[in-house]
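Engineer: Questions regarding the structure given below will be posed in turn.
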Amino acid sequence: MSKDRPAPGDRIKARPSALVQFTSTVLACEAVLVLFITLVAFGLRDLAFERGPLQSDSAAVVWGVGGGLALLLLVLSRLTRRPAGIAGGTLAQVLVLATGLVVPLATVVNLVFAGLWVMAVRLGSRVDRERAAYDAEHPETAPNT
């Protein structure tokens with residue numbers, strides 16, 4: 001038998017969902033981004049310029065909000081196996097975009113990550129659909145369930 005074809009009776013391991021892989025990666029990377037934005041907000045809290053309309057001079061507020069959002073993104077990155085996790089990740093994009101109200105220059109990077117989120121959802125779903133169609137056409141190589 002060729003290396004690409006399993007022998008009869010072999011157990012075929014299921015491939016992980018592309019949607020889950022793509023979306024969890026984007027959310028985990030966004031968590032790191034939010035931590036860096038929090039560092040910038042913390043450093044700029046005493047300066048009167050280059051700050052957005054939302055300001056706080058309290059380090060506890062800056063770290064509490066930034067750390068909380070980063071933690072939320074990490075938790076959501078593990079929940080993307082469920083539809084509620086994808087919906088939560090989509091809502092989290094709004095919160096990440098809102099960090100531009102604290103550090104205006106972060107809006108550019110946040111828009112890039114929002115675009116990555118849209119692409120992760122669309123392409124991940126597409127790859128999963130194409131894999132399912134291939135498995136339906138080639139049951140001999142489809143994962144055992």
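The chains in the structure tokens are called A, B, ... from first to last as shown; in each chain the residues are counted from 1, and the ligands are counted from 1 in the order shown.
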Identify all residues of chain A in alpha helix (DSSP H) (DSSP on the backbone) and supply them as a ChimeraX atom specification.
Structural biologist: /A:18-44,59-78,83-98,106-137
Engineer: Please identify all polymer residues within 8 Å of region 92-96 of chain A, counting only C-alpha atoms, omitting same-chain residues fewer than 2 positions from it, and present them as number ranges by chain.
Structural biologist: A: 34, 69, 73, 88-90, 98-100, 110, 114
Engineer: Given the selection you just returned, output its residues as a file containing N, CA, C and O atoms, formatted as a JSON list (two decimals), in the first residue's frame.
Structural biologist:
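Once written, part-v5.json looks like this:
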```json
[["chain", "number", "residue", "atom", "x", "y", "z"],
["A", 34, "VAL", "N", -3.21, 43.33, 23.27],
["A", 34, "VAL", "CA", -3.87, 44.11, 24.31],
["A", 34, "VAL", "C", -2.92, 44.36, 25.48],
["A", 34, "VAL", "O", -2.94, 45.45, 26.07],
["A", 69, "LEU", "N", -9.28, 42.38, 29.72],
["A", 69, "LEU", "CA", -9.56, 42.15, 28.30],
["A", 69, "LEU", "C", -8.62, 41.08, 27.72],
["A", 69, "LEU", "O", -9.05, 40.22, 26.96],
["A", 73, "LEU", "N", -9.78, 37.48, 26.17],
["A", 73, "LEU", "CA", -9.38, 36.99, 24.85],
["A", 73, "LEU", "C", -8.76, 35.60, 24.93],
["A", 73, "LEU", "O", -9.00, 34.75, 24.07],
["A", 88, "GLY", "N", -18.63, 35.16, 20.80],
["A", 88, "GLY", "CA", -17.93, 35.93, 21.82],
["A", 88, "GLY", "C", -16.67, 36.58, 21.26],
["A", 88, "GLY", "O", -16.35, 37.72, 21.60],
["A", 89, "GLY", "N", -15.95, 35.86, 20.41],
["A", 89, "GLY", "CA", -14.77, 36.43, 19.77],
["A", 89, "GLY", "C", -15.11, 37.60, 18.87],
["A", 89, "GLY", "O", -14.38, 38.58, 18.80],
["A", 90, "THR", "N", -16.25, 37.50, 18.20],
["A", 90, "THR", "CA", -16.69, 38.60, 17.34],
["A", 90, "THR", "C", -17.04, 39.82, 18.18],
["A", 90, "THR", "O", -16.67, 40.95, 17.83],
["A", 98, "ALA", "N", -12.20, 49.26, 20.75],
["A", 98, "ALA", "CA", -12.42, 50.36, 21.70],
["A", 98, "ALA", "C", -11.15, 50.77, 22.41],
["A", 98, "ALA", "O", -11.08, 51.88, 22.95],
["A", 99, "THR", "N", -10.12, 49.93, 22.42],
["A", 99, "THR", "CA", -8.86, 50.34, 23.04],
["A", 99, "THR", "C", -8.24, 51.52, 22.29],
["A", 99, "THR", "O", -7.39, 52.22, 22.83],
["A", 100, "GLY", "N", -8.69, 51.74, 21.06],
["A", 100, "GLY", "CA", -8.24, 52.91, 20.31],
["A", 100, "GLY", "C", -8.71, 54.21, 20.94],
["A", 100, "GLY", "O", -8.16, 55.28, 20.64],
["A", 110, "ASN", "N", -5.43, 47.46, 15.57],
["A", 110, "ASN", "CA", -6.70, 46.81, 15.91],
["A", 110, "ASN", "C", -7.52, 46.51, 14.67],
["A", 110, "ASN", "O", -8.17, 45.47, 14.58],
["A", 114, "ALA", "N", -8.86, 42.96, 13.40],
["A", 114, "ALA", "CA", -10.28, 42.73, 13.09],
["A", 114, "ALA", "C", -10.41, 42.12, 11.70],
["A", 114, "ALA", "O", -11.22, 41.21, 11.48]]
```
Engineer: With only C-alpha atoms as the atoms that count, which of A:Ala70, A:Ala120, A:Ala132, A:Ile86 lies nearest to Phe36 (chain A)?
Structural biologist: A:Ala70
Engineer: Quick one: distance from CA of Val62 (chain A) to CA of Leu27 (chain A) in Å, one decimal?
Structural biologist: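 Answer for the CA of Val62 (chain A) to CA of Leu27 (chain A) separation: 20.4 Å.
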Engineer: Give me, please, the distance in Å between CA of Pro16 (chain A) and CA of Ala87 (chain A), quoted to one decimal.
Structural biologist: 19.6 Å
Engineer: Within 10 Å of Met119 (chain A), counting only C-alpha atoms, which residues qualify if same-chain residues fewer than 5 places away don't, as a ChimeraX atom specification?
Structural biologist: /A:22-23,26,113-114,124-125
Engineer: Suppose you want the space between CA of Lys13 (chain A) and CA of Thr25 (chain A); what is it in Å?
Structural biologist: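 A separation of 21.9 Å between them.
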Engineer: In terms of the shortest atom-to-atom distance over only C-alpha atoms, which of A:Ala106, A:Ala142, A:Leu91, A:Val127 is closest to Ala41 (chain A)?
Structural biologist: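 Between A:Ala106, A:Ala142, A:Leu91, A:Val127, the residue approaching Ala41 (chain A) most closely is A:Ala106.
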Engineer: Smallest atom-to-atom distance to Val75 (chain A): which of A:Ser24, A:Val108, A:Ser17, A:Glu140, using only C-alpha atoms?
Structural biologist: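 Residue with the minimum atom-to-atom distance to Val75 (chain A): A:Ser24.
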